[in-house]
Amino acid sequence: MIKIITLFFLSSCAYLHRIDIGEIEARSTYVKVPFEINASTTGIDIQNVGTIVKEVYKSSASQISKHWSDAIALFQMGPRTGFPVYRETFADNILSKIYQICPSGNVTGLVGVREMNNYFAISGEIVKVQGFCLKKKTKRKNK
Amino acid sequence: MKYVLSICLLFQIGCSYLTSVSQTSIPAKKGKQISAKASKNIFFMLSFSNKFADQVRESLVEQCPNGSVKGILTKQEHTIFVPILLHQISIKATGYCHE
């Protein structure tokens with residue numbers, strides 16, 4: 001049990017997997033309204049779940065759980081960022097959210113961040129988009 | 001001898017990784033080249049925030065206050081200075097200020 005607690009505290013919390021910076025419009029003819037959109041889901045690392053089960057149940061069940069976790073891991077091979085998730089469409093509605101915030105679609109300085117908050121066996125898989133909605137400056141009418 | 005070999009191996013470990021690269025479209029008329037960098041040192045593999053990455057865009061905007069930044073090349077690197085003890089994540093962005 002001490003081993004699990006130690007591993008939990010030694011597991012690094014915030015991972016930065018990828019960052020992309022888009023073109024930036026900085027002309028003073030526009031007013032820049034900042035926005036941020038977050039999409040997240042829960043990821044599970046079956047290997048670490050197997051380690052926990054092995055430590056908790058020090059019996060034949062631990063060996064079975066290890067075999068199962070190894071077998072499942074074979075189906076989760078390949079390039080990826082973060083832990084496997086059960087809902088891979090969690091970031092699909094980011095574009096519609098941008099249009100909700102900025103109906104003109106006139107956005108600039110988009111920064112896409114793919115990051116993960118790791119809690120040993122489970123994780124928060126996060127996609128964050130930051131940017132500016134450009135709005136034309138309105139001239140004040142003099143009375 | 002075993003210890004000497006172990007220490008030699010420790011320092012022979014490849015220490016720099018290119019995690020991601022992205023490039024936006026390069027304009028025909030290139031302006032002044034600008035660049036920005038943000039980095040974070042990670043001790044004992046403990047990191048609790050990625051806020052440092054926000055500085056890169058702000059720095060590019062500051063260098064080109066009345067124009068547009070195009071052709072941005074963003075690189076993310078991971079450097080291991082001392083295994084487990086000290087890592088560094090750095091983000092470098094280079095672009096063209098078109099005024």
# chains A, B, ... in the order shown; residues from 1 in each chain; ligands from 1
$ interface_residues --of "chain A" --to "chain B" --cutoff "6 Å" --atoms "only C-alpha atoms" --output "MDAnalysis selection string"
chainID A and resid 12:14 18 23:27
$ write_last_selection --atoms "N, CA and C atoms" --output "mmCIF file, in the first residue's frame"
data_model
loop_
_atom_site.group_PDB
_atom_site.id
_atom_site.type_symbol
_atom_site.label_atom_id
_atom_site.label_comp_id
_atom_site.auth_asym_id
_atom_site.auth_seq_id
_atom_site.Cartn_x
_atom_site.Cartn_y
_atom_site.Cartn_z
ATOM 1 N N SER A 12 3.855 12.566 -11.965
ATOM 2 C CA SER A 12 3.796 13.985 -12.324
ATOM 3 C C SER A 12 2.384 14.357 -12.712
ATOM 4 N N CYS A 13 1.916 15.491 -12.286
ATOM 5 C CA CYS A 13 0.511 15.841 -12.475
ATOM 6 C C CYS A 13 0.169 16.388 -13.852
ATOM 7 N N ALA A 14 0.867 17.417 -14.285
ATOM 8 C CA ALA A 14 0.469 18.082 -15.531
ATOM 9 C C ALA A 14 1.470 17.805 -16.649
ATOM 10 N N ARG A 18 1.273 18.779 -26.471
ATOM 11 C CA ARG A 18 1.413 19.482 -27.756
ATOM 12 C C ARG A 18 0.869 20.894 -27.653
ATOM 13 N N GLU A 23 -1.873 32.055 -36.514
ATOM 14 C CA GLU A 23 -1.504 33.422 -36.899
ATOM 15 C C GLU A 23 -2.158 34.463 -35.985
ATOM 16 N N ILE A 24 -1.419 35.545 -35.767
ATOM 17 C CA ILE A 24 -1.874 36.562 -34.814
ATOM 18 C C ILE A 24 -2.114 37.880 -35.533
ATOM 19 N N GLU A 25 -3.292 38.407 -35.408
ATOM 20 C CA GLU A 25 -3.629 39.729 -35.953
ATOM 21 C C GLU A 25 -3.574 40.722 -34.810
ATOM 22 N N ALA A 26 -2.646 41.672 -34.906
ATOM 23 C CA ALA A 26 -2.490 42.625 -33.793
ATOM 24 C C ALA A 26 -2.755 44.059 -34.207
ATOM 25 N N ARG A 27 -3.438 44.268 -35.324
ATOM 26 C CA ARG A 27 -3.687 45.652 -35.782
ATOM 27 C C ARG A 27 -4.671 46.335 -34.836
#
$ closest_residue --among "A:Ile44, A:Ile98, A:Met77, A:Val31" --to "A:Asn118" --atoms "only C-alpha atoms"
A:Ile44
$ atom_distance --atom1 "atom CA of A:Val129" --atom2 "atom CA of A:Ser40"
11.6 Å
$ residues_around --residues "A:Ser69" --least-positions-apart "2" --cutoff "10 Å" --atoms "only C-alpha atoms" --output "PyMOL selection string"
chain A and resi 45-51+63-67+71-74
$ residues_around --residues "B:Gln88" --least-positions-apart "6" --cutoff "7 Å" --atoms "only C-alpha atoms" --output "list in words"
Ser39, Lys40, Asn41, Ile42, His78, Thr79 and Ile80 of chain B
$ select_by_dssp --residues "chain A" --states "strand (DSSP E or B)" --output "number ranges by chain"
A: 14-21, 24-25, 30-44, 85, 107-119, 122-136
$ closest_residue --among "A:Thr89, A:Thr42, A:Gln76, A:Gln130" --to "A:Ile101" --atoms "only C-alpha atoms"
A:Gln130
$ residues_around --residues "A:Asn93" --least-positions-apart "2" --cutoff "12 Å" --atoms "only C-alpha atoms" --output "JSON, numbers by chain"
{"A": [37, 38, 39, 40, 88, 89, 90, 91, 95, 96, 97, 98, 99, 100, 127, 129]}
$ atom_distance --atom1 "atom CA of A:Phe83" --atom2 "atom CA of A:Val53"
18.2 Å
$ atom_distance --atom1 "atom CA of A:Val111" --atom2 "atom CA of A:Asp20"
5.6 Å
$ closest_residue --among "A:Leu110, A:Val33, A:Val56, A:Tyr15" --to "A:Lys136" --atoms "only C-alpha atoms"
A:Val33
